[in-house]
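Next up, entry37.csv (CSV, C-alpha atoms):
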chain,number,residue,atom,x,y,z
A,25,MET,CA,22.8,-7.8,-10.0
A,26,GLU,CA,24.8,-6.1,-7.4
A,27,ARG,CA,28.3,-7.4,-6.7
A,28,PRO,CA,28.6,-9.4,-3.5
A,29,ARG,CA,30.7,-7.8,-0.9
A,30,SER,CA,32.3,-9.2,2.2
A,31,SER,CA,34.5,-7.5,4.7
A,32,VAL,CA,36.0,-10.8,5.9
A,33,ALA,CA,38.7,-12.4,3.8
A,34,ARG,CA,37.7,-15.7,2.2
A,35,ARG,CA,40.6,-17.7,3.6
A,36,ARG,CA,39.9,-16.4,7.1
A,37,LEU,CA,36.4,-17.8,6.8
A,38,LEU,CA,37.8,-21.2,5.8
A,39,LYS,CA,40.5,-21.3,8.4
A,40,GLY,CA,39.2,-22.5,11.7
A,41,ALA,CA,35.5,-22.2,10.9
A,42,ALA,CA,33.1,-24.8,12.3
A,43,ALA,CA,31.7,-27.0,9.6
A,44,LEU,CA,28.2,-28.2,9.0
A,45,PRO,CA,27.6,-31.8,8.1
A,46,ALA,CA,28.0,-32.3,4.3
A,47,VAL,CA,25.5,-34.5,2.6
A,48,LEU,CA,27.0,-36.1,-0.5
A,49,LEU,CA,24.4,-36.3,-3.2
A,50,ALA,CA,25.2,-37.9,-6.5
A,51,GLY,CA,23.6,-36.6,-9.7
A,52,SER,CA,22.0,-33.4,-10.8
A,53,ALA,CA,20.3,-30.8,-8.7
A,54,GLY,CA,17.5,-30.4,-11.2
A,55,PRO,CA,16.7,-28.6,-14.5
A,56,ALA,CA,18.1,-25.2,-15.4
A,57,PHE,CA,15.9,-22.2,-15.2
A,58,ALA,CA,14.5,-20.8,-18.5
A,59,GLY,CA,17.0,-19.2,-20.8
A,60,ARG,CA,20.1,-20.5,-18.9
A,61,VAL,CA,23.0,-22.2,-20.7
A,62,GLU,CA,23.3,-25.3,-18.7
A,63,THR,CA,26.8,-26.6,-18.2
A,64,GLN,CA,26.7,-30.3,-17.5
A,65,GLN,CA,27.8,-31.4,-14.1
A,66,ARG,CA,31.0,-33.3,-14.2
A,67,PRO,CA,29.9,-37.0,-14.2
A,68,ASP,CA,32.7,-38.1,-11.8
A,69,ALA,CA,32.0,-35.5,-9.2
A,70,ASP,CA,29.7,-35.7,-6.2
A,71,TRP,CA,27.1,-32.9,-6.2
A,72,VAL,CA,27.4,-31.1,-2.8
A,73,PRO,CA,25.7,-27.8,-3.4
A,74,ALA,CA,26.8,-24.6,-1.7
A,75,ALA,CA,24.2,-22.5,0.0
A,76,PRO,CA,22.4,-20.3,-2.5
A,77,GLY,CA,23.6,-17.2,-0.7
A,78,ASN,CA,27.2,-18.2,-1.2
A,79,TYR,CA,27.4,-17.7,-5.0
A,80,THR,CA,25.8,-15.7,-7.8
A,81,VAL,CA,23.4,-17.3,-10.2
A,82,ALA,CA,24.5,-16.5,-13.7
A,83,ASN,CA,24.4,-17.7,-17.3
A,84,ARG,CA,28.0,-18.4,-18.1
A,85,PRO,CA,29.6,-18.5,-20.7
A,86,ARG,CA,26.9,-16.4,-22.4
A,87,GLN,CA,26.8,-13.8,-19.6
A,88,TYR,CA,30.5,-13.9,-18.7
A,89,PRO,CA,33.4,-15.5,-20.7
A,90,VAL,CA,35.3,-18.2,-18.8
A,91,ASP,CA,39.0,-17.6,-19.2
A,92,PHE,CA,40.8,-19.0,-16.2
A,93,VAL,CA,41.0,-21.9,-13.7
A,94,VAL,CA,42.0,-20.7,-10.2
A,95,VAL,CA,43.8,-23.2,-8.1
A,96,HIS,CA,43.3,-23.0,-4.3
A,97,VAL,CA,44.3,-24.9,-1.2
A,98,THR,CA,41.6,-25.0,1.5
A,99,GLN,CA,43.6,-24.6,4.8
A,100,GLU,CA,40.9,-26.9,6.0
A,101,THR,CA,39.8,-30.5,5.7
A,102,TYR,CA,37.6,-31.6,2.7
A,103,ALA,CA,34.6,-32.2,4.9
A,104,ASP,CA,34.9,-28.9,6.8
A,105,THR,CA,35.3,-27.0,3.5
A,106,LEU,CA,32.1,-28.5,2.1
A,107,GLY,CA,30.4,-27.6,5.4
A,108,ILE,CA,31.6,-24.0,5.1
A,109,PHE,CA,30.3,-23.7,1.6
A,110,GLN,CA,26.9,-25.0,2.8
A,111,ASN,CA,26.7,-22.5,5.6
A,112,PRO,CA,24.8,-19.4,4.2
A,113,ALA,CA,26.5,-17.1,6.8
A,114,LYS,CA,30.0,-17.7,5.2
A,115,LYS,CA,29.5,-16.0,1.8
A,116,VAL,CA,32.2,-18.1,0.1
A,117,SER,CA,32.2,-21.0,-2.3
A,118,ALA,CA,34.2,-22.7,-5.1
A,119,HIS,CA,33.0,-24.7,-8.0
A,120,TYR,CA,35.0,-27.8,-6.9
A,121,VAL,CA,36.8,-29.3,-3.9
A,122,VAL,CA,39.3,-32.2,-4.4
A,123,ARG,CA,40.0,-34.6,-1.5
A,124,SER,CA,43.6,-35.3,-0.7
A,125,ALA,CA,43.5,-39.0,0.2
A,126,ASP,CA,41.9,-40.3,-3.0
A,127,GLY,CA,41.3,-37.4,-5.3
A,128,ARG,CA,37.5,-37.5,-4.9
A,129,VAL,CA,35.9,-34.4,-6.4
A,130,ALA,CA,32.8,-32.6,-5.1
A,131,GLN,CA,31.1,-30.0,-7.2
A,132,CYS,CA,29.6,-27.2,-5.1
A,133,VAL,CA,28.6,-24.6,-7.7
A,134,ARG,CA,27.5,-25.1,-11.2
A,135,GLU,CA,30.0,-23.8,-13.7
A,136,ALA,CA,27.3,-21.6,-15.2
A,137,ASP,CA,27.1,-19.8,-11.9
A,138,VAL,CA,29.7,-17.5,-10.3
A,139,ALA,CA,31.4,-19.0,-7.2
A,140,TRP,CA,32.9,-16.5,-4.7
A,141,HIS,CA,36.4,-17.8,-4.4
A,142,ALA,CA,38.9,-15.4,-5.9
A,143,GLY,CA,38.3,-12.3,-3.8
A,144,ASN,CA,38.1,-10.3,-7.1
A,145,TRP,CA,34.7,-9.9,-8.8
A,146,ASP,CA,36.1,-9.8,-12.3
A,147,TYR,CA,38.1,-13.0,-11.8
A,148,ASN,CA,35.2,-14.7,-10.1
A,149,THR,CA,33.0,-14.1,-13.1
A,150,ARG,CA,35.7,-15.3,-15.5
A,151,SER,CA,37.0,-18.4,-13.7
A,152,VAL,CA,36.3,-21.8,-12.4
A,153,GLY,CA,37.6,-22.2,-8.8
A,154,ILE,CA,39.1,-25.5,-7.7
A,155,GLU,CA,39.9,-26.0,-4.0
A,156,HIS,CA,42.3,-28.7,-2.8
A,157,GLU,CA,42.1,-30.2,0.6
A,158,GLY,CA,45.2,-29.4,2.7
A,159,TRP,CA,47.5,-26.7,3.9
A,160,VAL,CA,50.1,-24.7,2.0
A,161,ASP,CA,52.9,-25.8,4.3
A,162,LYS,CA,52.0,-29.5,4.4
A,163,PRO,CA,53.0,-31.0,1.1
A,164,GLU,CA,52.0,-34.5,2.2
A,165,TYR,CA,48.4,-33.4,1.4
A,166,PHE,CA,49.4,-32.9,-2.3
A,167,THR,CA,49.1,-36.6,-3.2
A,168,ASP,CA,49.4,-38.3,-6.5
A,169,ALA,CA,45.6,-39.0,-6.4
A,170,MET,CA,44.9,-35.3,-5.8
A,171,TYR,CA,47.2,-34.1,-8.6
A,172,SER,CA,45.8,-36.6,-11.1
A,173,ALA,CA,42.1,-36.0,-10.3
A,174,SER,CA,42.5,-32.2,-10.2
A,175,ALA,CA,44.5,-32.2,-13.5
A,176,ALA,CA,41.8,-34.3,-15.2
A,177,LEU,CA,39.2,-31.9,-13.9
A,178,THR,CA,41.1,-28.8,-15.0
A,179,ALA,CA,41.7,-30.3,-18.4
A,180,ALA,CA,38.0,-31.0,-18.8
A,181,VAL,CA,37.1,-27.4,-17.8
A,182,CYS,CA,39.7,-26.0,-20.2
A,183,ASP,CA,38.3,-28.1,-23.0
A,184,SER,CA,34.8,-26.9,-22.2
A,185,TYR,CA,35.6,-23.3,-22.6
A,186,ALA,CA,38.6,-23.4,-24.9
A,187,ILE,CA,40.9,-22.2,-22.1
A,188,PRO,CA,44.6,-22.6,-23.1
A,189,LYS,CA,46.3,-25.2,-20.8
A,190,THR,CA,49.0,-22.8,-19.8
A,191,ARG,CA,50.2,-21.1,-16.6
A,192,ALA,CA,48.8,-17.9,-18.0
A,193,HIS,CA,45.3,-19.3,-17.7
A,194,ILE,CA,45.7,-21.9,-14.9
A,195,ILE,CA,46.7,-19.7,-12.0
A,196,GLY,CA,47.1,-19.8,-8.3
A,197,HIS,CA,44.8,-17.8,-6.0
A,198,HIS,CA,47.9,-15.7,-5.1
A,199,GLU,CA,48.1,-14.6,-8.7
A,200,VAL,CA,44.6,-13.0,-8.8
A,201,PRO,CA,45.0,-9.2,-8.9
A,202,GLY,CA,44.6,-7.8,-5.4
A,203,ALA,CA,44.8,-11.2,-3.7
A,204,THR,CA,45.9,-11.3,-0.1
A,205,HIS,CA,46.3,-15.1,-0.1
A,206,THR,CA,49.3,-17.3,-0.7
A,207,ASP,CA,47.7,-20.5,-1.9
A,208,PRO,CA,48.4,-22.9,-3.4
A,209,GLY,CA,51.8,-21.9,-2.0
A,210,PRO,CA,55.4,-22.6,-2.9
A,211,LEU,CA,55.1,-26.4,-2.4
A,212,TRP,CA,52.5,-26.8,-5.1
A,213,ASP,CA,54.3,-28.5,-8.1
A,214,TRP,CA,53.2,-26.3,-11.0
A,215,ASP,CA,55.4,-28.1,-13.6
A,216,ARG,CA,54.0,-31.4,-12.7
A,217,TYR,CA,50.5,-30.1,-12.6
A,218,ILE,CA,50.5,-28.4,-16.0
A,219,LYS,CA,52.1,-31.6,-17.5
A,220,LEU,CA,49.3,-33.7,-16.1
A,221,VAL,CA,46.7,-31.2,-17.4
A,222,LYS,CA,48.1,-31.3,-20.9
A,223,ALA,CA,48.3,-35.1,-20.8
A,224,ALA,CA,44.8,-35.6,-19.5

Go through the file and emit its structure as structure tokens.
Amino acid sequence: MERPRSSVARRRLLKGAAALPAVLLAGSAGPAFAGRVETQQRPDADWVPAAPGNYTVANRPRQYPVDFVVVHVTQETYADTLGIFQNPAKKVSAHYVVRSADGRVAQCVREADVAWHAGNWDYNTRSVGIEHEGWVDKPEYFTDAMYSASAALTAAVCDSYAIPKTRAHIIGHHEVPGATHTDPGPLWDWDRYIKLVKAA
């Protein structure tokens, strides 16, 4: 399958884009296609699927190993981010979005599939992307509820793929090779986050 290409940066797509209404659907989107390794949807997440043209159908971890979790900040609201992922013209997605106020998690792409979140095809194939509602310069969005829910999710992802719970494997978007983004930004508390991941 040909690698997806986009001339527009992912963060620019998120920033200021008009959102479509997001329909929160609980539960599974249906059976896996034949031969696919089905990764169970996280039971505490709402299933809010991204548009099919915004990610690559794959068979991970059989097709690609999963070695990283990439931490993002949306530069948008939770609802608008979900709407962007549901808009087929945007060509962007992440596996999960975590809401600031209460830590609610939406799953937008199955972990078996490749979300288009890192701006680097190799890292997209090898990672699970987690978006966090908020802005890099507004630490009030990084709530206790968000940190706790995200850390529990990251711990579960790490356990699923035997990813070490270290900063070498749980990285910020800005640490992806070739990244032009700064998220999650200098106000993200990495020490706290990694402690929560290890304790989850």

Minimum-distance residue to Ala130 (chain A), chosen among A:Val160, A:Ala103, A:Ala203, A:Ala142 (using all atoms listed in the file):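 Among the listed residues, the smallest separation from Ala130 (chain A) belongs to A:Ala103.
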
Considering all atoms listed in the file, give me a table of residues in region 82-149 of chain A that are at most 12 Å from region 177-185 of chain A, with the closest atom pair and distance in Å for each, as a tab-separated table.
residue	atom	partner	partner_atom	distance
A:Arg84	CA	A:Tyr185	CA	10.1
A:Pro85	CA	A:Tyr185	CA	7.9
A:Arg86	CA	A:Tyr185	CA	11.1
A:Tyr88	CA	A:Tyr185	CA	11.4
A:Pro89	CA	A:Tyr185	CA	8.3
A:Val90	CA	A:Tyr185	CA	6.4
A:Asp91	CA	A:Tyr185	CA	7.5
A:Phe92	CA	A:Cys182	CA	8.1
A:Val93	CA	A:Thr178	CA	7.0
A:Val94	CA	A:Thr178	CA	9.5
A:Val95	CA	A:Thr178	CA	9.3
A:His119	CA	A:Val181	CA	11.0
A:Tyr120	CA	A:Leu177	CA	9.1
A:Val121	CA	A:Leu177	CA	10.6
A:Val122	CA	A:Leu177	CA	9.5
A:Gly127	CA	A:Leu177	CA	10.4
A:Arg128	CA	A:Leu177	CA	10.7
A:Val129	CA	A:Leu177	CA	8.6
A:Ala130	CA	A:Leu177	CA	10.9
A:Gln131	CA	A:Leu177	CA	10.7
A:Arg134	CA	A:Val181	CA	11.9
A:Glu135	CA	A:Val181	CA	9.0
A:Ala136	CA	A:Tyr185	CA	11.2

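As for CA of Phe109 (chain A) and CA of Ala75 (chain A), they are spaced 6.4 Å apart.
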
Distance query 9 Å from (29.5, -23.5, -1.1) using all atoms listed in the file, result as a list in words: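 Every residue inside that radius is included here: Val72, Pro73, Ala74, Ala75, Pro76, Gly77, Asn78, Tyr79, Thr105, Leu106, Gly107, Ile108, Phe109, Gln110, Asn111, Pro112, Lys114, Lys115, Val116, Ser117, Ala118, His119, Cys132, Val133, Ala139 and Trp140 of chain A.
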
Separation of CA of Thr80 (chain A) from CA of Asn148 (chain A), in Å and rounded to one decimal: 9.7 Å

Å distance separating CA of Glu155 (chain A) from CA of Arg191 (chain A), one decimal place: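 It comes out at 17.0 Å.
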
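Proximity to Pro163 (chain A) was assessed for A:Asp213, A:Lys219, A:Thr204, A:Gln65 counting only C-alpha atoms; the smallest distance is recorded for A:Asp213.
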
Test item: residues at most 9 Å from Asn144 (chain A), all atoms listed in the file, excluding those fewer than 6 positions along its chain, as a PyMOL selection string: chain A and resi 200-203

Counting only C-alpha atoms, the option among A:His198, A:His193, A:His156, A:Lys162 closest to Leu211 (chain A):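 Counting only C-alpha atoms, the residue closest to Leu211 (chain A) is A:Lys162.
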
Counting all atoms listed in the file, the residue of A:Glu164, A:Asp126, A:Lys222, A:Gln99 that sits nearest Pro188 (chain A):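 Ranked by minimum distance to Pro188 (chain A), first place goes to A:Lys222.
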
Nearest to Asp104 (chain A), chosen from A:Glu157, A:Ile218, A:Asp70, A:Ser124, with all atoms listed in the file counted in the distances: A:Glu157
